[in-house]
Amino acid sequence: MLSFTLKRLVYVTPVALGVSIVCFLLVHLAPGDPLSAILPVDATQQMIDEMRAIYGFDKPLPVQYALWLWRVLHGDLGTSIATGRPVADEVGRAVVNSLILAVVATLIGFTLGTFFGFVAGYFRNSILDRVASAVSVFGVSVPHYWLGMVMVIVFSATLGWLPPTGAGPDGSGNWRPDLEHLRYMVLPALTLSVIPMGVIARTVRALVGDILSQDFVGALRAKGLSDAGVFRHVVKNAAPTALAIMGLQLGYLLGGSILVETVFAWPGTGFLLNAAIFQRDLPLLQGSILVLAMFFVALNLVVDVVQTALDPRIERT
Amino acid sequence: MSAPVQTLDAPLGADRTAAAVAPFAASRGFWGNVGRKLLRDPVAMAAAAVILAIIVVAIASPWIAPMDPYRGSMLRRLRPIGTPGYPLGSDELGRDMLSRLMMAGRLSLFMGVTPVIVAFVIGSGVGILAGFVGGWLNTILMRTIDVFFAFPSVLLAIALSGALGAGILNSIVSLTCVFVPQIARVAESVTTQIRSRDYVDAARLSGASALTIVRVQVLGNVLGPIFVYATSLISVSMILASGLSFLGLGVKPPEPEWGLMLNTLRTAIYVQPLVAALPGAAIFIVSISFNLFSDGLRSAMEVKE
């Protein structure tokens with residue numbers, strides 16, 4: 001198991017390097033000089049050259065990349081152009097908020113998704129299957145930013161039950177685990193949970209159908225095992241894949257919550273990215289994306305290792 | 001709705017390969033069978049009808065829209081649904097919602113479908129090349145693609161389009177970059193499977209050149225599964241394309257586009273909640289229709305997930 005983990009680590013390293021190259025190049029993809037946002041309009045050529053030298057933009061790209069990577073590895077993601085604060089601090093605070101939201105949403109989505117998936121898989125082609133399948137198609141087809149708006153319209157604007165935006169009553173940027181803050185979390189978490197719910201319901205339905213059609217289920221029934229006993233075997237067979245999908249969905253949500261966070265003004269990475277894009281704050285854009293992508297790479301690795309540990313049928317190569 | 005399917009028929013020589021697989025259906029051909037199965041699938045046909053209707057309305061909107069979608073009226077802002085002269089109400093600048101929703105279908109559909117078509121062409125090319133040639137070329141191409149898989153789709157789309165800046169072309173380019181690796185990976189895995197089949201060996205032994213094998217044996221068998229996969233991406237692409245405009249990264253005002261309309265109407269949710277939600281409903285209807293049609297196509301072509 002240890003050697004398998006090490007092998008996966010070795011495999012992941014070039015991917016992580018590739019991700020860092022893509023993030024590094026993002027700044028150079030942007031039209032115009034990356035310095036144009038901080039230079040005064042009437043900057044002289046000499047001033048521009050000096051600034052380029054200070055920021056290292058006068059060096060060839062590979063050298064710039066090496067210097068940047070060295071700083072990143074030491075936890076220095078640069079300085080935000082808009083706020084002047086270190087990018088690492090800004091991203092760190094936002095990631096925590098996003099992570100809380102993503103974890104809660106994934107748990108809701110996983111619970112509902114496995115429920116609908118099992119119902120649909122067990123009662124194939126029944127009315128229940130139709131309903132569960134409709135729910136899962138809804139989950140993967142609905143534009144989640146619109147769903148968020150509809151949630152606000154129904155539960156905040158019309159019914160007045162829940163607050164429409166923000167993470168807490170004081171308007172602060174930090175979420176705390178108390179009842180008042182929980183109320184702020186309900187709508188964004190429910191909105192986000194719809195996507196993993198749809199995906200997981202689809203996967204589990206296919207999984208359960210597959211498992212039920214295998215010979216060993218027939219054998220279990222033939223030897224007189226109760227329905228509950230057979231169900232236990234189905235759950236055990238479906239669990240590793242379902243859990244792996246859940247792990248990946250958590251990563252997708254963390255990176256993909258930008259639109260929903262914007263709708264709910266949730267102070268997470270999505271909100272930060274949105275601000276970075278509109279202030280053309282390229283270091284902040286680069287830093288947030290690098291952190292999110294690296295988190296996703298790490299999560300993939302963990303999912304891979306855990307799935308292999310849970311499922312003895314997967315070959316450890 | 002079998003039209004786009006059948007246009008693929010002639011140039012690919014799919015009939016020849018299909019005839020070898022299913023001799024009893026030889027007279028109708030593979031795509032003919034798929035079309036017949038689709039016709040008997042009520043859900044897929046309903047979805048296709050909805051898509052077709054929306055496309056027709058979007059294209060014909062300059063002639064059939066009841067009002068000028070750009071002309072506002074300061075006196076008639078945010079009217080509710082059912083106001084005389086404004087069947088679906090009016091937006092925050094007093095423009096007719098029905099006309100704007102019809103017109104917006106053009107840009108929204110164009111920006112949602114184009115990235116998938118371009119990515120289908122590029123991704124299939126890259127994937128088939130990697131799968132057919134194999135060896136070090138495969139390693140280089142597929143490891144590069146792995147890097148793009150390390151980004152969640154939404155994040156990659158927003159990162160690229162955030163760096164490139166707002167604009168229709170930039171958002172199409174960003175979304176294409178998101179879908180090329182996904183399609184290429186499917187194309188590569190299908191091609192690798194096909195390459196080791198006996199009929200490819202048979203063709204090679206009979207003296208067919210590599211180009212002929214790719215054209216006849218590989219393309220004929222590979223394009224179907226890739227096509228099905230690509231159609232399943234259209235729904236995601238529609239949501240993402242409108243999402244970029246929703247963030248202000250795609251279409252710029254005053255052009256009507258569903259995502260952008262949803263964004264500008266956000267402030268109106270307390271005044272006219274139903275009107276504000278309309279553009280999103282349009283995105284949702286198109287997206288779910290494409291998903292249902294793609295599911296029908298998948299089962300009609302008997303492509304496994």
# chains A, B, ... in the order shown; residues from 1 in each chain; ligands from 1
>>> interface_residues(of="chain B", to="chain A", cutoff="8 Å", atoms="only C-alpha atoms", output="ChimeraX atom specification")
/B:143-144,146-148,150-155,159-160,162-165,235-236,239,243,247,262,266,269-270,273,277,280-281,283-284,287-288,291-292
>>> select_by_dssp(residues="region 13-113 of chain A", states="alpha helix (DSSP H)", output="MDAnalysis selection string")
chainID A and resid 13:29 45:55 61:73 87:113
>>> atom_distance(atom1="CA of Phe110 (chain B)", atom2="CA of Gly32 (chain B)")
28.1 Å
>>> closest_residue(among="B:Ser196, B:Asn33, B:Ser299, B:Ser289", to="Ala47 (chain B)", atoms="only C-alpha atoms")
B:Ser289
>>> residues_around(residues="region 83-86 of chain B", least_positions_apart="2", cutoff="10 Å", atoms="only C-alpha atoms", output="list in words")
Pro66, Met67, Arg76, Arg79, Pro80, Ile81, Leu88, Gly89, Ser90, Gly94, Arg95, Asp96, Met97, Leu98 and Ser99 of chain B
>>> residues_around(residues="Ala88 (chain A)", least_positions_apart="4", cutoff="10 Å", atoms="only C-alpha atoms", output="PDB file with N, CA and C atoms, in the first residue's frame")
ATOM      1  N   VAL A  72       6.714  30.504  -4.819  1.00  0.00           N
ATOM      2  CA  VAL A  72       5.464  29.810  -4.487  1.00  0.00           C
ATOM      3  C   VAL A  72       5.730  28.677  -3.507  1.00  0.00           C
ATOM      4  N   GLY A  75       5.709  29.610  -0.105  1.00  0.00           N
ATOM      5  CA  GLY A  75       4.471  30.182   0.415  1.00  0.00           C
ATOM      6  C   GLY A  75       4.237  31.622   0.022  1.00  0.00           C
ATOM      7  N   ASP A  76       5.007  32.129  -0.931  1.00  0.00           N
ATOM      8  CA  ASP A  76       4.836  33.513  -1.344  1.00  0.00           C
ATOM      9  C   ASP A  76       4.124  33.545  -2.688  1.00  0.00           C
ATOM     10  N   LEU A  77       2.847  33.933  -2.673  1.00  0.00           N
ATOM     11  CA  LEU A  77       2.070  33.959  -3.910  1.00  0.00           C
ATOM     12  C   LEU A  77       2.029  35.361  -4.516  1.00  0.00           C
ATOM     13  N   GLY A  78       2.861  36.251  -4.010  1.00  0.00           N
ATOM     14  CA  GLY A  78       2.863  37.611  -4.542  1.00  0.00           C
ATOM     15  C   GLY A  78       1.961  38.528  -3.743  1.00  0.00           C
ATOM     16  N   THR A  79       1.803  39.745  -4.251  1.00  0.00           N
ATOM     17  CA  THR A  79       1.023  40.750  -3.546  1.00  0.00           C
ATOM     18  C   THR A  79      -0.164  41.165  -4.402  1.00  0.00           C
ATOM     19  N   SER A  80      -1.308  41.258  -3.757  1.00  0.00           N
ATOM     20  CA  SER A  80      -2.507  41.669  -4.487  1.00  0.00           C
ATOM     21  C   SER A  80      -2.356  43.112  -4.940  1.00  0.00           C
ATOM     22  N   GLY A  92      -5.980  32.215   1.606  1.00  0.00           N
ATOM     23  CA  GLY A  92      -6.123  31.331   2.749  1.00  0.00           C
ATOM     24  C   GLY A  92      -7.442  31.533   3.469  1.00  0.00           C
ATOM     25  N   ARG A  93      -7.799  32.807   3.705  1.00  0.00           N
ATOM     26  CA  ARG A  93      -9.036  33.098   4.398  1.00  0.00           C
ATOM     27  C   ARG A  93     -10.242  32.642   3.574  1.00  0.00           C
ATOM     28  N   ALA A  94     -10.170  32.917   2.260  1.00  0.00           N
ATOM     29  CA  ALA A  94     -11.310  32.586   1.400  1.00  0.00           C
ATOM     30  C   ALA A  94     -11.472  31.077   1.252  1.00  0.00           C
ATOM     31  N   LEU A 284      -3.634  38.012  -7.773  1.00  0.00           N
ATOM     32  CA  LEU A 284      -4.685  37.398  -6.976  1.00  0.00           C
ATOM     33  C   LEU A 284      -5.395  36.305  -7.773  1.00  0.00           C
ATOM     34  N   GLY A 287      -2.958  33.380  -8.016  1.00  0.00           N
ATOM     35  CA  GLY A 287      -2.802  32.705  -6.726  1.00  0.00           C
ATOM     36  C   GLY A 287      -4.010  31.862  -6.366  1.00  0.00           C
ATOM     37  N   SER A 288      -5.220  32.427  -6.527  1.00  0.00           N
ATOM     38  CA  SER A 288      -6.410  31.657  -6.160  1.00  0.00           C
ATOM     39  C   SER A 288      -6.541  30.414  -7.030  1.00  0.00           C
ATOM     40  N   VAL A 291      -3.981  27.722  -6.043  1.00  0.00           N
ATOM     41  CA  VAL A 291      -4.334  27.023  -4.802  1.00  0.00           C
ATOM     42  C   VAL A 291      -5.487  26.052  -5.037  1.00  0.00           C
TER      43      VAL A 291
END
